[in-house]
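**Q** My structure is below; once you've seen it, I'll send some questions.
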Amino acid sequence: MTFIDPQHPLLNTPNRITQADFSGWIQERGIYFAQEWSREYQPIFSAHDPNETPKEGSLLYADYGKGHFMYTGLVFFRELPAGVPGAYRLFANMISAGK
């Protein structure tokens with residue numbers, strides 16, 4: 001996982017997300033990454049498997065009007081039940097967006 005904007009609030013509030021937060025993720029880290037999106041959305045990560053091109057659609061964020069909108073293809077449905085600490089930390093940042 002490459003952080004496109006390491007200073008983005010989703011990577012820093014309330015938890016500072018680091019590469020260590022992606023250790024221990026089970027199976028794949030994500031599926032169904034977005035391939036295109038409107039200009040209001042900002043990609044948060046660039047990710048790829050060995051011998052693949054980087055993909056930026058794993059987590060998209062838009063601060064739009066009075067709302068905060070996100071799309072994610074990260075597999076929280078596997079990581080949270082498995083108790084992966086980094087997944088909990090990132091998920092907490094996502095639900096805290098705009099606070």
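Residue numbering restarts at 1 for every chain of the structure tokens, chains are lettered A, B, ... in their displayed order, and ligands are numbered from 1 as they appear.
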Just want the 8 Å neighbourhood of region 57-69 of chain A, counted on only C-alpha atoms, with same-chain residues fewer than 4 positions away dropped. Output as a ChimeraX atom specification.

**A** /A:30-36,40-47,73-74,97-98

**Q** Output as a list in words all residues of chain A that backbone DSSP marks as strand (DSSP E).

**A** Thr2, Phe3, Gln42, Pro43, Phe45, Ser46, Leu59, Leu60, Tyr61, Ala62, Asp63, Tyr64, Gly67, His68, Phe69, Met70, Tyr71 and Thr72 of chain A

**Q** Take the selection from the previous step and output its residues with C-alpha atoms, as a PDB file, in the first residue's frame.

**A**
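The file below, result16.pdb, is the result:
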```pdb
ATOM      1  CA  THR A   2       1.348   3.374  -1.004  1.00  0.00           C
ATOM      2  CA  PHE A   3      -0.093   6.452   0.690  1.00  0.00           C
ATOM      3  CA  GLN A  42      -9.518  11.718  -3.964  1.00  0.00           C
ATOM      4  CA  PRO A  43      -7.769   8.329  -3.958  1.00  0.00           C
ATOM      5  CA  PHE A  45      -3.963   4.546  -1.556  1.00  0.00           C
ATOM      6  CA  SER A  46      -2.207   3.090  -4.524  1.00  0.00           C
ATOM      7  CA  LEU A  59     -10.311   3.842  -0.958  1.00  0.00           C
ATOM      8  CA  LEU A  60     -11.784   7.040  -2.382  1.00  0.00           C
ATOM      9  CA  TYR A  61     -12.808  10.059  -0.334  1.00  0.00           C
ATOM     10  CA  ALA A  62     -14.833  13.169  -1.135  1.00  0.00           C
ATOM     11  CA  ASP A  63     -15.578  16.109   1.124  1.00  0.00           C
ATOM     12  CA  TYR A  64     -18.689  17.355  -0.673  1.00  0.00           C
ATOM     13  CA  GLY A  67     -20.980  15.387   3.790  1.00  0.00           C
ATOM     14  CA  HIS A  68     -18.025  13.067   3.652  1.00  0.00           C
ATOM     15  CA  PHE A  69     -18.383  10.300   1.097  1.00  0.00           C
ATOM     16  CA  MET A  70     -16.235   7.205   0.691  1.00  0.00           C
ATOM     17  CA  TYR A  71     -15.973   4.170  -1.508  1.00  0.00           C
ATOM     18  CA  THR A  72     -13.795   1.279  -0.480  1.00  0.00           C
TER      19      THR A  72
END
```

**Q** Would you mind telling me which residue in A:Ala92, A:Leu11, A:Pro54, A:Leu80 lies nearest to Ile26 (chain A) when using only C-alpha atoms?

**A**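 Nearest candidate to Ile26 (chain A) out of A:Ala92, A:Leu11, A:Pro54, A:Leu80: A:Leu80.
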
**Q** Could you check the closest approach to Ser23 (chain A) for each of A:His48, A:Thr53, A:Ser38, A:Pro85 and tell me which residue wins, using only C-alpha atoms?

**A**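 That would be A:Pro85, the residue with the smallest distance to Ser23 (chain A).
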
**Q** Taking into account only C-alpha atoms, which residue in the set A:Pro6, A:Lys99, A:Ala87, A:Asp49 is nearest to Glu28 (chain A)?

**A**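 Of all the options, A:Asp49 lies closest to Glu28 (chain A).
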
**Q** One decimal, in Å: what's the spacing between CA of Pro14 (chain A) and CA of Val84 (chain A)?

**A** 17.3 Å

**Q** Please return as a ChimeraX atom specification: the residues of chain A that backbone DSSP assigns to alpha helix (DSSP H).

**A** /A:76-79,85-95

**Q** Write out the residues from the selection above, keeping C-alpha atoms, as a CSV table (one decimal), in the first residue's frame.

**A**
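selection-v5.csv, freshly written:
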```csv
chain,number,residue,atom,x,y,z
A,76,PHE,CA,-13.1,-5.1,6.0
A,77,PHE,CA,-15.6,-7.9,6.0
A,78,ARG,CA,-12.7,-10.3,6.4
A,79,GLU,CA,-10.3,-8.2,8.4
A,85,PRO,CA,-5.7,-4.2,14.4
A,86,GLY,CA,-4.8,-2.0,11.4
A,87,ALA,CA,-8.2,-2.7,9.8
A,88,TYR,CA,-9.9,-1.5,13.0
A,89,ARG,CA,-7.7,1.6,13.2
A,90,LEU,CA,-8.4,2.6,9.6
A,91,PHE,CA,-12.1,1.8,9.9
A,92,ALA,CA,-12.2,4.1,13.0
A,93,ASN,CA,-10.6,6.9,11.0
A,94,MET,CA,-13.2,6.4,8.2
A,95,ILE,CA,-16.2,6.6,10.6
```

**Q** Work out how far apart CA of Asp21 (chain A) and CA of Met1 (chain A) are and give it in Å to one decimal.

**A**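 Rounded to one decimal, the two atoms are 10.1 Å apart.
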
**Q** Report, in Å to a single decimal, how far apart CA of Arg29 (chain A) and CA of Ile17 (chain A) are.

**A**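 Separation between CA of Ile17 (chain A) and CA of Arg29 (chain A): 15.2 Å.
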